[in-house]
Amino acid sequence: MVEAVLIDMFSLPANLQNNIQGLLHNTLEAIEKCSAIHAPRVYVMCCQRQGSERKGEQEFLLSALRGFQSLKRRLEVVCAQTTAAALYTVKQRLDENDLSIIKVILPTLRKDLMKVYIDHLFTAVYQFEFEDLQVVSDCENLRLSEHQHEGQTLPSQDVALIHSEIQMHLESLPSLKGELTILRSSLIPDDIFLHGFTTRTGGISYIPTLSSCNLFSSSKRRDPQVVVKENLRRLANAAGFNPEAFHRVKVDHANAVCIMGKTEPDNYDGIVTNQKGVTLAAPGADCIPVLFADPVRKACGAAHSGWKGTLLGVSMATVNAMVSEYGCNVKDILVVLGPSVGPCCYKLPHESAKEFHRIDPKCVRLFDSASPYIDIRRATRILLERGGILPENIQDDSITDQNQNITFCTACHPDKFYSHFRDGNNFGTQIGFISIKD
């Protein structure tokens with residue numbers, strides 16, 4: 001069943017007011033008639049014009065909306081100067097009400113255009129169907145049709161213009177939850193490397209569990225790629241790296257490592273380079289973003305280490321790649337563990353906990369319980385030390401000066417970090433990043 005109806009009147013000229021008014025009235029009448037029990041939310045999208053023209057258009061729209069009492073509280077007119085701005089506002093309303101099945105009623109000539117906007121601003125979480133703006137007479141129209149969202153057919157230059165319009169709108173939006181904040185380690189020399197760990201502030205993502213500097217998009221989440229890209233652009237500006245030379249690991253929860261400049265694996269949780277100006281990144285939303293730096297051979301790396309990757313030795317696999325590819329001495333490599341879920345919060349089933357207990361009994365708390373608490377950071381440190389990394393070259397939450405600690409528990413700090421463990425499946429993602437300065 002359709003949860004929301006979007007009526008697109010954005011491109012209709014104001015001099016057709018009487019015709020538009022009739023179309024809108026008939027469309028709303030059909031929606032009201034067919035939705036006596038489960039009334040959908042209705043959004044009327046129109047162009048925000050200037051001066052008296054704008055005032056006259058608003059008056060004629062209000063006139064058409066009068067009388068629809070059953071829809072009154074579920075009916076909203078969204079006016080903006082661009083389609084991108086109007087549709088993004090509609091998306092916010094949909095997300096506020098957790099709606100994902102949408103019927104779009106629009107002029108036939110706008111359909112291909114609208115599909116491109118939707119491709120950019122929405123993810124696979126949402127389902128769309130389309131209908132021509134005309135008298136709607138059949139209640140079946142409010143049931144989900146088979147004519148689902150199809151591929152774009154517009155010329156590439158038109159698609160590029162739409163993308164540019166969306167980008168300009170997103171760049172104009174204010175930062176949420178305060179200023180963008182980057183945590184940095186004193187262990188990594190800043191005269192050679194640019195690095196940091198992000199927090200959740202300073203981006204434009206507005207959904208509560210994703211707000212605001214979410215840096216990962218997937219088909220299962222409501223944050224589209226264009227929003228994540230804008231968050232990354234703001235991070236790059238603040239940190240001083242080039243977002244076009246940015247490489248994030250392709251998470252597989254395993255131990256494969258990508259060597260920059262060589263054939264890229266399909267999936268990998270570690271990545272290394274000795275190229276200047278190339279920024280490497282690893283995500284984390286409880287899993288550990290781990291950064292590696294060798295100031296002698298001037299090489300660096302990043303790894304994503306969840307509980308599976310930790311057991312599979314992804315951190316040492318990243319170290320070994322630096323040694324074999326760039327001639328690094330393991331005793332020169334510096335390793336920093338970023339914000340991640342701590343042993344105060346993180347539990348695993350007893351069978352999985354056994355594997356950590358084998359590494360060191362101190363990695364597990366309440367071992368005899370059904371779901372013991374696990375310290376994946378301690379396990380990571382132990383495996384790194386066994387691999388030859390000097391203890392003093394590893395920074396984690398055991399640091400003596402807690403004022404310099406950046407390995408915070410993500411689950412314990414909802415104001416600063418995202419947490420899958422805490423927030424559920426629609427969680428946001430922060431990253432650790434590093435590059436060699438030019």
# chains A, B, ... in the order shown; residues from 1 in each chain; ligands from 1
$ residues_around --residues "Ala254 of chain A" --least-positions-apart "3" --cutoff "9 Å" --atoms "only C-alpha atoms" --output "compact mmCIF listing (two decimals) with N, CA, C and O atoms, in the first residue's frame"
# COMPACT_ATOMS: atom_id res chain seq x y z
N VAL A 251 35.10 -3.45 2.64
CA VAL A 251 35.00 -4.31 3.82
C VAL A 251 34.49 -5.72 3.49
O VAL A 251 33.49 -5.89 2.79
N ASN A 267 37.40 -7.45 -2.65
CA ASN A 267 37.15 -7.02 -1.27
C ASN A 267 38.46 -7.09 -0.49
O ASN A 267 39.29 -7.97 -0.73
N TYR A 268 38.60 -6.18 0.44
CA TYR A 268 39.80 -6.16 1.28
C TYR A 268 39.56 -5.26 2.49
O TYR A 268 38.81 -4.31 2.43
N ASP A 269 40.20 -5.61 3.60
CA ASP A 269 40.04 -4.84 4.84
C ASP A 269 41.29 -4.08 5.23
O ASP A 269 41.28 -3.36 6.23
N HIS A 304 40.49 -2.11 8.55
CA HIS A 304 39.21 -2.23 9.26
C HIS A 304 39.26 -3.56 10.01
O HIS A 304 39.40 -4.62 9.40
N SER A 305 39.17 -3.47 11.34
CA SER A 305 39.35 -4.67 12.16
C SER A 305 38.15 -4.88 13.07
O SER A 305 38.08 -4.32 14.16
N GLY A 306 37.20 -5.70 12.61
CA GLY A 306 36.10 -6.14 13.46
C GLY A 306 36.54 -7.39 14.20
O GLY A 306 37.72 -7.77 14.17
N LYS A 308 35.93 -10.50 13.56
CA LYS A 308 36.39 -11.54 12.64
C LYS A 308 37.75 -11.18 12.05
O LYS A 308 38.66 -12.03 12.00
N GLY A 309 37.88 -9.93 11.61
CA GLY A 309 39.16 -9.49 11.06
C GLY A 309 40.28 -9.53 12.07
O GLY A 309 41.44 -9.83 11.74
N THR A 310 39.96 -9.23 13.32
CA THR A 310 40.96 -9.30 14.40
C THR A 310 41.48 -10.73 14.55
O THR A 310 42.69 -10.97 14.60
N LEU A 311 40.55 -11.69 14.59
CA LEU A 311 40.95 -13.09 14.73
C LEU A 311 41.74 -13.57 13.52
O LEU A 311 42.64 -14.41 13.64
N LEU A 312 41.42 -13.02 12.34
CA LEU A 312 42.12 -13.41 11.11
C LEU A 312 43.43 -12.66 10.91
O LEU A 312 44.16 -12.91 9.96
N GLY A 313 43.73 -11.72 11.83
CA GLY A 313 45.02 -11.03 11.80
C GLY A 313 45.15 -9.96 10.74
O GLY A 313 46.22 -9.79 10.13
N VAL A 314 44.08 -9.18 10.51
CA VAL A 314 44.12 -8.17 9.45
C VAL A 314 45.16 -7.09 9.73
O VAL A 314 45.79 -6.57 8.79
$ closest_atom_pairs --of "segment 268-302 of chain A" --to "segment 205-214 of chain A" --cutoff "12 Å" --atoms "only C-alpha atoms" --output "JSON lines"
{"residue": "A:Pro283", "atom": "CA", "partner": "A:Asn214", "partner_atom": "CA", "distance": 10.3}
{"residue": "A:Gly284", "atom": "CA", "partner": "A:Asn214", "partner_atom": "CA", "distance": 10.8}
{"residue": "A:Ala285", "atom": "CA", "partner": "A:Asn214", "partner_atom": "CA", "distance": 10.2}
$ write_last_selection --atoms "N, CA and C atoms" --output "PDB file, in the first residue's frame"
ATOM      1  N   PRO A 283      36.736   2.283   7.610  1.00  0.00           N
ATOM      2  CA  PRO A 283      35.551   2.674   8.373  1.00  0.00           C
ATOM      3  C   PRO A 283      35.493   1.987   9.728  1.00  0.00           C
ATOM      4  N   GLY A 284      34.649   2.523  10.572  1.00  0.00           N
ATOM      5  CA  GLY A 284      34.409   1.897  11.866  1.00  0.00           C
ATOM      6  C   GLY A 284      33.120   2.419  12.480  1.00  0.00           C
ATOM      7  N   ALA A 285      32.328   1.499  12.990  1.00  0.00           N
ATOM      8  CA  ALA A 285      31.144   1.888  13.764  1.00  0.00           C
ATOM      9  C   ALA A 285      31.006   0.822  14.841  1.00  0.00           C
TER      10      ALA A 285
END
$ residues_around --residues "segment 101-114 of chain A" --least-positions-apart "5" --cutoff "8 Å" --atoms "only C-alpha atoms" --output "PyMOL selection string"
chain A and resi 1-9+126-133+142+152-154
$ closest_residue --among "A:Leu194, A:Cys287, A:Val272, A:Cys345" --to "Val364 of chain A" --atoms "only C-alpha atoms"
A:Cys345
$ residues_around --residues "Leu176 of chain A" --least-positions-apart "3" --cutoff "6 Å" --atoms "only C-alpha atoms" --output "ChimeraX atom specification"
/A:202-204,212
$ residues_around --residues "Ile436 of chain A" --least-positions-apart "5" --cutoff "9 Å" --atoms "only C-alpha atoms" --output "short mmCIF file (atom, residue, chain, number, x, y, z; two decimals) with C-alpha atoms, in the first residue's frame"
data_model
loop_
_atom_site.label_atom_id
_atom_site.label_comp_id
_atom_site.auth_asym_id
_atom_site.auth_seq_id
_atom_site.Cartn_x
_atom_site.Cartn_y
_atom_site.Cartn_z
CA ILE A 192 55.25 13.56 7.26
CA PHE A 193 51.69 12.28 7.51
CA LEU A 194 48.21 13.76 7.39
CA HIS A 195 45.83 11.62 9.43
CA THR A 273 50.69 2.88 -0.11
CA ASN A 274 53.95 4.80 -0.42
CA GLN A 275 52.45 7.32 -2.86
CA LYS A 276 52.27 10.92 -1.68
CA GLY A 277 48.93 12.71 -1.61
CA VAL A 278 46.84 9.53 -1.69
CA THR A 279 44.48 9.24 1.28
CA ALA A 293 52.69 4.85 9.52
CA LYS A 298 57.50 6.91 4.31
CA ALA A 299 54.72 4.39 3.82
CA CYS A 300 51.31 4.14 5.42
#
$ select_by_dssp --residues "segment 198-300 of chain A" --states "helix (DSSP H, G or I)" --output "PDB file with C-alpha atoms, in the first residue's frame"
ATOM      1  CA  GLN A 225      25.762   8.411  -1.956  1.00  0.00           C
ATOM      2  CA  VAL A 226      25.507  12.137  -2.822  1.00  0.00           C
ATOM      3  CA  VAL A 227      25.042  13.022   0.869  1.00  0.00           C
ATOM      4  CA  VAL A 228      27.998  10.854   1.911  1.00  0.00           C
ATOM      5  CA  LYS A 229      30.066  12.473  -0.840  1.00  0.00           C
ATOM      6  CA  GLU A 230      29.182  15.929   0.488  1.00  0.00           C
ATOM      7  CA  ASN A 231      30.154  14.863   4.011  1.00  0.00           C
ATOM      8  CA  LEU A 232      33.468  13.606   2.615  1.00  0.00           C
ATOM      9  CA  ARG A 233      34.004  16.895   0.742  1.00  0.00           C
ATOM     10  CA  ARG A 234      33.567  18.811   3.998  1.00  0.00           C
ATOM     11  CA  LEU A 235      35.939  16.454   5.797  1.00  0.00           C
ATOM     12  CA  ALA A 236      38.533  16.813   3.031  1.00  0.00           C
ATOM     13  CA  ASN A 237      38.319  20.607   3.238  1.00  0.00           C
ATOM     14  CA  ALA A 238      38.761  20.537   7.016  1.00  0.00           C
ATOM     15  CA  ALA A 239      41.561  17.950   7.008  1.00  0.00           C
ATOM     16  CA  PRO A 243      38.709  13.779  -2.003  1.00  0.00           C
ATOM     17  CA  GLU A 244      39.399  12.704  -5.594  1.00  0.00           C
ATOM     18  CA  ALA A 245      42.475  10.759  -4.393  1.00  0.00           C
TER      19      ALA A 245
END
$ residues_around --residues "Val290 of chain A" --least-positions-apart "6" --cutoff "10 Å" --atoms "only C-alpha atoms" --output "PDB file with N, CA and C atoms, in the first residue's frame"
ATOM      1  N   PHE A 197      40.883  10.696  12.777  1.00  0.00           N
ATOM      2  CA  PHE A 197      39.696   9.868  12.958  1.00  0.00           C
ATOM      3  C   PHE A 197      38.502  10.810  13.070  1.00  0.00           C
ATOM      4  N   GLY A 270      42.361  -4.230   4.441  1.00  0.00           N
ATOM      5  CA  GLY A 270      43.567  -3.458   4.658  1.00  0.00           C
ATOM      6  C   GLY A 270      44.023  -2.836   3.357  1.00  0.00           C
ATOM      7  N   ALA A 281      41.676   5.064   3.808  1.00  0.00           N
ATOM      8  CA  ALA A 281      40.704   5.157   4.892  1.00  0.00           C
ATOM      9  C   ALA A 281      40.110   3.798   5.228  1.00  0.00           C
ATOM     10  N   ALA A 282      39.780   3.643   6.490  1.00  0.00           N
ATOM     11  CA  ALA A 282      39.092   2.438   6.969  1.00  0.00           C
ATOM     12  C   ALA A 282      37.907   2.883   7.815  1.00  0.00           C
ATOM     13  N   PRO A 283      36.736   2.283   7.610  1.00  0.00           N
ATOM     14  CA  PRO A 283      35.551   2.674   8.373  1.00  0.00           C
ATOM     15  C   PRO A 283      35.493   1.987   9.728  1.00  0.00           C
ATOM     16  N   GLY A 284      34.649   2.523  10.572  1.00  0.00           N
ATOM     17  CA  GLY A 284      34.409   1.897  11.866  1.00  0.00           C
ATOM     18  C   GLY A 284      33.120   2.419  12.480  1.00  0.00           C
ATOM     19  N   GLY A 301      49.306   2.905   5.930  1.00  0.00           N
ATOM     20  CA  GLY A 301      48.243   1.954   5.667  1.00  0.00           C
ATOM     21  C   GLY A 301      47.047   2.201   6.563  1.00  0.00           C
ATOM     22  N   ALA A 302      45.940   1.537   6.233  1.00  0.00           N
ATOM     23  CA  ALA A 302      44.729   1.612   7.045  1.00  0.00           C
ATOM     24  C   ALA A 302      44.064   0.251   7.009  1.00  0.00           C
ATOM     25  N   ALA A 303      43.414  -0.116   8.114  1.00  0.00           N
ATOM     26  CA  ALA A 303      42.737  -1.409   8.170  1.00  0.00           C
ATOM     27  C   ALA A 303      41.440  -1.293   8.960  1.00  0.00           C
ATOM     28  N   HIS A 304      40.492  -2.105   8.555  1.00  0.00           N
ATOM     29  CA  HIS A 304      39.211  -2.232   9.256  1.00  0.00           C
ATOM     30  C   HIS A 304      39.260  -3.556  10.009  1.00  0.00           C
ATOM     31  N   SER A 305      39.175  -3.468  11.338  1.00  0.00           N
ATOM     32  CA  SER A 305      39.354  -4.668  12.156  1.00  0.00           C
ATOM     33  C   SER A 305      38.154  -4.883  13.071  1.00  0.00           C
ATOM     34  N   VAL A 314      44.076  -9.183  10.508  1.00  0.00           N
ATOM     35  CA  VAL A 314      44.122  -8.171   9.455  1.00  0.00           C
ATOM     36  C   VAL A 314      45.163  -7.088   9.730  1.00  0.00           C
ATOM     37  N   SER A 315      45.383  -6.766  10.995  1.00  0.00           N
ATOM     38  CA  SER A 315      46.374  -5.714  11.312  1.00  0.00           C
ATOM     39  C   SER A 315      47.794  -6.158  10.952  1.00  0.00           C
ATOM     40  N   THR A 318      48.356  -6.192   7.271  1.00  0.00           N
ATOM     41  CA  THR A 318      48.649  -4.860   6.743  1.00  0.00           C
ATOM     42  C   THR A 318      50.115  -4.499   6.995  1.00  0.00           C
ATOM     43  N   VAL A 335      51.416   2.293  14.977  1.00  0.00           N
ATOM     44  CA  VAL A 335      50.039   1.819  14.802  1.00  0.00           C
ATOM     45  C   VAL A 335      49.127   2.527  15.793  1.00  0.00           C
ATOM     46  N   VAL A 336      48.028   3.079  15.282  1.00  0.00           N
ATOM     47  CA  VAL A 336      47.054   3.759  16.142  1.00  0.00           C
ATOM     48  C   VAL A 336      45.674   3.126  15.942  1.00  0.00           C
ATOM     49  N   LEU A 337      45.068   2.746  17.066  1.00  0.00           N
ATOM     50  CA  LEU A 337      43.728   2.179  17.054  1.00  0.00           C
ATOM     51  C   LEU A 337      42.714   3.283  17.319  1.00  0.00           C
ATOM     52  N   GLY A 338      41.764   3.436  16.429  1.00  0.00           N
ATOM     53  CA  GLY A 338      40.794   4.516  16.538  1.00  0.00           C
ATOM     54  C   GLY A 338      39.588   4.173  17.402  1.00  0.00           C
ATOM     55  N   PRO A 339      38.625   5.088  17.471  1.00  0.00           N
ATOM     56  CA  PRO A 339      37.403   4.862  18.245  1.00  0.00           C
ATOM     57  C   PRO A 339      36.726   3.557  17.831  1.00  0.00           C
ATOM     58  N   SER A 340      36.313   2.778  18.808  1.00  0.00           N
ATOM     59  CA  SER A 340      35.754   1.449  18.554  1.00  0.00           C
ATOM     60  C   SER A 340      35.039   0.980  19.805  1.00  0.00           C
ATOM     61  N   THR A 380      44.055  -7.075  19.412  1.00  0.00           N
ATOM     62  CA  THR A 380      44.790  -6.471  18.300  1.00  0.00           C
ATOM     63  C   THR A 380      46.207  -6.111  18.727  1.00  0.00           C
ATOM     64  N   GLN A 395      49.359   2.831  19.847  1.00  0.00           N
ATOM     65  CA  GLN A 395      48.515   3.678  20.692  1.00  0.00           C
ATOM     66  C   GLN A 395      47.097   3.115  20.708  1.00  0.00           C
ATOM     67  N   ASP A 396      46.581   2.884  21.911  1.00  0.00           N
ATOM     68  CA  ASP A 396      45.201   2.446  22.094  1.00  0.00           C
ATOM     69  C   ASP A 396      44.684   3.025  23.398  1.00  0.00           C
ATOM     70  N   ILE A 431      35.348   7.192  10.086  1.00  0.00           N
ATOM     71  CA  ILE A 431      36.516   6.580   9.453  1.00  0.00           C
ATOM     72  C   ILE A 431      37.806   7.032  10.141  1.00  0.00           C
ATOM     73  N   GLY A 432      38.849   6.246   9.908  1.00  0.00           N
ATOM     74  CA  GLY A 432      40.216   6.674  10.152  1.00  0.00           C
ATOM     75  C   GLY A 432      40.867   6.875   8.795  1.00  0.00           C
ATOM     76  N   PHE A 433      41.668   7.928   8.632  1.00  0.00           N
ATOM     77  CA  PHE A 433      42.288   8.211   7.328  1.00  0.00           C
ATOM     78  C   PHE A 433      43.739   8.625   7.506  1.00  0.00           C
ATOM     79  N   ILE A 434      44.550   8.360   6.492  1.00  0.00           N
ATOM     80  CA  ILE A 434      45.962   8.730   6.549  1.00  0.00           C
ATOM     81  C   ILE A 434      46.517   8.887   5.134  1.00  0.00           C
TER      82      ILE A 434
END
$ atom_distance --atom1 "atom CA of Arg378 of chain A" --atom2 "atom CA of Ile394 of chain A"
10.9 Å
$ decode --residues "segment 188-199 of chain A" --atoms "all heavy atoms" --output "mmCIF file, in the first residue's frame"
data_model
loop_
_atom_site.group_PDB
_atom_site.id
_atom_site.type_symbol
_atom_site.label_atom_id
_atom_site.label_comp_id
_atom_site.auth_asym_id
_atom_site.auth_seq_id
_atom_site.Cartn_x
_atom_site.Cartn_y
_atom_site.Cartn_z
ATOM 1 N N ILE A 188 51.756 9.730 15.534
ATOM 2 C CA ILE A 188 52.060 9.830 14.105
ATOM 3 C C ILE A 188 52.605 11.224 13.797
ATOM 4 O O ILE A 188 51.930 12.227 14.045
ATOM 5 C CB ILE A 188 50.801 9.551 13.260
ATOM 6 C CG1 ILE A 188 50.335 8.108 13.490
ATOM 7 C CG2 ILE A 188 51.073 9.795 11.777
ATOM 8 C CD1 ILE A 188 49.066 7.733 12.757
ATOM 9 N N PRO A 189 53.835 11.337 13.270
ATOM 10 C CA PRO A 189 54.445 12.657 13.039
ATOM 11 C C PRO A 189 53.691 13.447 11.958
ATOM 12 O O PRO A 189 53.541 12.972 10.826
ATOM 13 C CB PRO A 189 55.871 12.334 12.596
ATOM 14 C CG PRO A 189 55.821 10.911 12.130
ATOM 15 C CD PRO A 189 54.743 10.232 12.914
ATOM 16 N N ASP A 190 53.235 14.647 12.327
ATOM 17 C CA ASP A 190 52.412 15.423 11.389
ATOM 18 C C ASP A 190 53.231 16.190 10.354
ATOM 19 O O ASP A 190 52.658 16.836 9.479
ATOM 20 C CB ASP A 190 51.473 16.366 12.140
ATOM 21 C CG ASP A 190 52.193 17.360 13.026
ATOM 22 O OD1 ASP A 190 53.435 17.450 12.923
ATOM 23 O OD2 ASP A 190 51.535 18.045 13.817
ATOM 24 N N ASP A 191 54.548 16.117 10.434
ATOM 25 C CA ASP A 191 55.351 16.737 9.386
ATOM 26 C C ASP A 191 55.483 15.815 8.174
ATOM 27 O O ASP A 191 55.863 16.260 7.085
ATOM 28 C CB ASP A 191 56.752 17.105 9.918
ATOM 29 C CG ASP A 191 57.521 15.899 10.437
ATOM 30 O OD1 ASP A 191 56.870 14.958 10.957
ATOM 31 O OD2 ASP A 191 58.765 15.892 10.328
ATOM 32 N N ILE A 192 55.154 14.534 8.349
ATOM 33 C CA ILE A 192 55.253 13.556 7.264
ATOM 34 C C ILE A 192 53.870 13.077 6.824
ATOM 35 O O ILE A 192 53.612 12.916 5.633
ATOM 36 C CB ILE A 192 56.106 12.335 7.687
ATOM 37 C CG1 ILE A 192 57.520 12.786 8.096
ATOM 38 C CG2 ILE A 192 56.170 11.285 6.572
ATOM 39 C CD1 ILE A 192 58.369 11.680 8.689
ATOM 40 N N PHE A 193 52.998 12.871 7.795
ATOM 41 C CA PHE A 193 51.685 12.278 7.505
ATOM 42 C C PHE A 193 50.539 13.221 7.847
ATOM 43 O O PHE A 193 50.617 14.002 8.800
ATOM 44 C CB PHE A 193 51.495 10.972 8.301
ATOM 45 C CG PHE A 193 52.526 9.930 8.016
ATOM 46 C CD1 PHE A 193 53.617 9.766 8.864
ATOM 47 C CD2 PHE A 193 52.428 9.108 6.904
ATOM 48 C CE1 PHE A 193 54.575 8.797 8.616
ATOM 49 C CE2 PHE A 193 53.380 8.143 6.648
ATOM 50 C CZ PHE A 193 54.471 7.986 7.499
ATOM 51 N N LEU A 194 49.479 13.119 7.068
ATOM 52 C CA LEU A 194 48.208 13.762 7.391
ATOM 53 C C LEU A 194 47.274 12.625 7.812
ATOM 54 O O LEU A 194 47.137 11.623 7.085
ATOM 55 C CB LEU A 194 47.668 14.476 6.153
ATOM 56 C CG LEU A 194 46.368 15.273 6.280
ATOM 57 C CD1 LEU A 194 46.363 16.395 5.257
ATOM 58 C CD2 LEU A 194 45.143 14.393 6.088
ATOM 59 N N HIS A 195 46.667 12.734 8.977
ATOM 60 C CA HIS A 195 45.828 11.621 9.434
ATOM 61 C C HIS A 195 44.750 12.119 10.382
ATOM 62 O O HIS A 195 44.781 13.270 10.841
ATOM 63 C CB HIS A 195 46.680 10.560 10.146
ATOM 64 C CG HIS A 195 46.918 10.884 11.597
ATOM 65 N ND1 HIS A 195 47.822 11.838 12.015
ATOM 66 C CD2 HIS A 195 46.325 10.405 12.721
ATOM 67 C CE1 HIS A 195 47.796 11.917 13.333
ATOM 68 N NE2 HIS A 195 46.896 11.064 13.791
ATOM 69 N N GLY A 196 43.821 11.259 10.698
ATOM 70 C CA GLY A 196 42.810 11.601 11.682
ATOM 71 C C GLY A 196 41.718 10.543 11.762
ATOM 72 O O GLY A 196 41.635 9.622 10.943
ATOM 73 N N PHE A 197 40.883 10.696 12.777
ATOM 74 C CA PHE A 197 39.696 9.868 12.958
ATOM 75 C C PHE A 197 38.502 10.810 13.070
ATOM 76 O O PHE A 197 38.549 11.792 13.816
ATOM 77 C CB PHE A 197 39.806 9.014 14.225
ATOM 78 C CG PHE A 197 40.945 8.029 14.197
ATOM 79 C CD1 PHE A 197 42.192 8.370 14.722
ATOM 80 C CD2 PHE A 197 40.779 6.769 13.649
ATOM 81 C CE1 PHE A 197 43.242 7.468 14.697
ATOM 82 C CE2 PHE A 197 41.833 5.857 13.613
ATOM 83 C CZ PHE A 197 43.064 6.209 14.136
ATOM 84 N N THR A 198 37.458 10.527 12.318
ATOM 85 C CA THR A 198 36.303 11.416 12.324
ATOM 86 C C THR A 198 35.365 11.098 13.482
ATOM 87 O O THR A 198 35.395 10.010 14.063
ATOM 88 C CB THR A 198 35.521 11.311 11.002
ATOM 89 O OG1 THR A 198 34.949 9.996 10.885
ATOM 90 C CG2 THR A 198 36.425 11.573 9.813
ATOM 91 N N THR A 199 34.526 12.077 13.796
ATOM 92 C CA THR A 199 33.428 11.878 14.738
ATOM 93 C C THR A 199 32.130 12.049 13.943
ATOM 94 O O THR A 199 32.161 12.124 12.712
ATOM 95 C CB THR A 199 33.485 12.896 15.884
ATOM 96 O OG1 THR A 199 33.183 14.204 15.364
ATOM 97 C CG2 THR A 199 34.865 12.919 16.525
#
